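Participant: Dropping a structure here in structure tokens format, bear with me for questions.
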Amino acid sequence: MKIDVVLDTDTYNEVDDQFALIYAILSDEINLIAVYAAPFHNERSSGPEDGMLRSYDEICRLTKLLNINSDGFVFKGSKRFLGDKPCYNDAIRDLIKKANEHSKDNPLYVAAIGAPTNISSAILLAPEIIEKIKVIWLGGNEISFPYAREFNLKQDIKASKVLFDCGVSLVQIPCQKVASHLSVGVPELKACMGNSAIAKELINIVLDAINNDLATTRVIWDIAVIAYLINKDWVLTNFVHSPILSDDFMYSVDKRRHLIEIAYQLKRNDIFKDLYKKISSLS
């Protein structure tokens, strides 16, 4: 059976979310049933709400290129990061609804490639979904790395702590030393992705990000989450005790805590070959 998947993404933040979104849509191995816009704040947004709205617009723009109706499929997420109380919005409402339609034996897979604000808010509002979802999150760094600080994790540290602390079935795909191997240059993208409108759009996004420097590569981190859902053999993991995340972005270990999966190696070539095959099929 295909697994049901929802994708939570800060799509306008970087170039890799767009690749992950297209990869998920084109992958027949999974059943993508919803996409949620996540908040972010950096030089590409004036604040978390603006980041979420820009991400929502970007999701709708890309789905339109694939002739996909965004109504009832794409949802606006949180306007702020997690504070003293959970956020509540269309994305969270839909996540709780869909999670409660699943079970421990048939979970809803939550692909998270941004700050986990929407997901952690849903868990705090409806803790019963902890037993009904499995979260695959690209965030933080590998435990042996000098620090945990990474964009998705640090954007909303309270939400990140909820993921580590709540006991939900969690697969963490660290960025440095793991997903950082998913680096690619424009010449390879041009040679392997075909000439479809989507391929050209993705190449232009990368070209803009690297200022048209063809000798520069870009890390397409977020496709690691989709790759895990398609073929777990491409993302090698170990079970470890869920780390304790401190406010200064450091990990500590308590072996009395529950176990989570953490990726330690990716099969880079297998992942990119599959991505290229699916995008080039649009040409």
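So you can find residues: chains in the structure tokens are A, B, ... in the order shown, residues in each start at 1, and ligands are numbered from 1 in order.
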Compile the contact shell of Asp208 of chain A as a list in words: residues with an atom at most 12 Å away, counting only C-alpha atoms, same-chain residues fewer than 4 positions apart removed.

Facilitator: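 Those residues are Glu14, Val15, Val186, Glu201, Leu202, Ile203, Asn204, Asn212, Asp213, Leu214, Thr216 and Arg218 of chain A.
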
Participant: Within 6 Å of segment 153-166 of chain A, counting only C-alpha atoms, which residues show up once you throw out same-chain ones fewer than 6 positions away? Write them as a list of chain:residue names, please.

Facilitator: A:Phe81, A:Leu82, A:Ala115, A:Pro116, A:Thr117, A:Ser120, A:Gly139, A:Gly140, A:Ser242

Participant: Using Å and a single decimal, report how far atom CA of Asp105 of chain A sits from atom CA of Asp17 of chain A.

Facilitator: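 If I compute the distance from atom CA of Asp17 of chain A to atom CA of Asp105 of chain A, I get 29.1 Å.
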
Participant: Do a neighbour search on Lys79 of chain A at 9 Å with only C-alpha atoms, toss out local chain neighbours closer than 4 positions, and write the hits as a ChimeraX atom specification.

Facilitator: /A:38-39,47-53,87,89

Participant: Give me the residues within 10 Å of Leu138 of chain A as a PyMOL selection string, counting only C-alpha atoms and dropping any in the same chain fewer than 3 places off.

Facilitator: chain A and resi 111-116+135+141+150+152-153+171-175+179+221-225+263

Participant: So that I can check the surroundings of Ile96 of chain A, please list as a list of chain:residue names every protein, DNA and RNA residue that reaches within 10 Å of it, counting only C-alpha atoms and ignoring chain neighbours fewer than 5 positions away.

Facilitator: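 In the requested form, the answer reads A:Ala91, A:Glu101, A:Ile119, A:Ser121, A:Ala122, A:Ile123, A:Leu125, A:Ala126, A:Pro127, A:Glu128, A:Ile129, A:Lys132, A:Ile133.
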
Participant: Please report, as an MDAnalysis selection string, each residue of segment 83-222 of chain A to which DSSP assigns alpha helix (DSSP H) when run on this structure's backbone.

Facilitator: chainID A and resid 90:99 117:125 151:155 157:165 186:192 197:209

Participant: Store the residues picked out above, limited to C-alpha atoms, as a compact mmCIF listing (two decimals), in the first residue's frame.

Facilitator:
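Here's the written file out_3.txt:
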# COMPACT_ATOMS: atom_id res chain seq x y z
CA ASP A 90 -5.89 25.86 8.45
CA ALA A 91 -2.76 23.71 8.15
CA ILE A 92 -2.86 22.59 11.77
CA ARG A 93 -6.59 21.93 11.62
CA ASP A 94 -6.10 19.77 8.52
CA LEU A 95 -3.13 17.92 10.00
CA ILE A 96 -5.09 16.99 13.13
CA LYS A 97 -8.05 15.87 11.02
CA LYS A 98 -5.96 13.71 8.71
CA ALA A 99 -3.90 12.27 11.56
CA THR A 117 5.84 25.07 14.18
CA ASN A 118 2.73 23.64 12.51
CA ILE A 119 3.52 20.06 13.54
CA SER A 120 4.44 20.78 17.17
CA SER A 121 1.38 23.01 17.56
CA ALA A 122 -0.84 20.18 16.28
CA ILE A 123 0.78 17.77 18.76
CA LEU A 124 0.22 20.18 21.67
CA LEU A 125 -3.40 20.81 20.66
CA PHE A 151 18.14 27.05 10.26
CA ASN A 152 15.06 24.82 10.63
CA LEU A 153 15.88 23.95 14.24
CA LYS A 154 16.86 27.43 15.43
CA GLN A 155 13.96 29.24 13.74
CA ILE A 157 13.55 26.14 19.10
CA LYS A 158 10.41 25.61 21.21
CA ALA A 159 8.78 23.64 18.40
CA SER A 160 12.02 21.69 17.84
CA LYS A 161 12.11 20.74 21.51
CA VAL A 162 8.53 19.46 21.29
CA LEU A 163 9.54 17.05 18.52
CA PHE A 164 12.41 15.65 20.58
CA ASP A 165 10.48 15.53 23.87
CA VAL A 186 23.73 23.64 -12.58
CA PRO A 187 25.60 21.78 -15.38
CA GLU A 188 24.47 18.47 -13.87
CA LEU A 189 20.90 19.71 -13.44
CA LYS A 190 20.77 20.88 -17.06
CA ALA A 191 22.17 17.58 -18.33
CA CYS A 192 19.84 15.36 -16.29
CA ALA A 197 8.76 24.00 -17.73
CA ILE A 198 9.33 22.59 -14.25
CA ALA A 199 12.94 21.63 -15.01
CA LYS A 200 13.67 25.09 -16.41
CA GLU A 201 12.04 26.75 -13.41
CA LEU A 202 14.08 24.71 -10.92
CA ILE A 203 17.31 25.44 -12.80
CA ASN A 204 16.52 29.17 -12.85
CA ILE A 205 15.88 29.14 -9.10
CA VAL A 206 19.31 27.60 -8.50
CA LEU A 207 21.01 29.93 -10.99
CA ASP A 208 19.58 32.91 -9.16
CA ALA A 209 20.72 31.54 -5.80
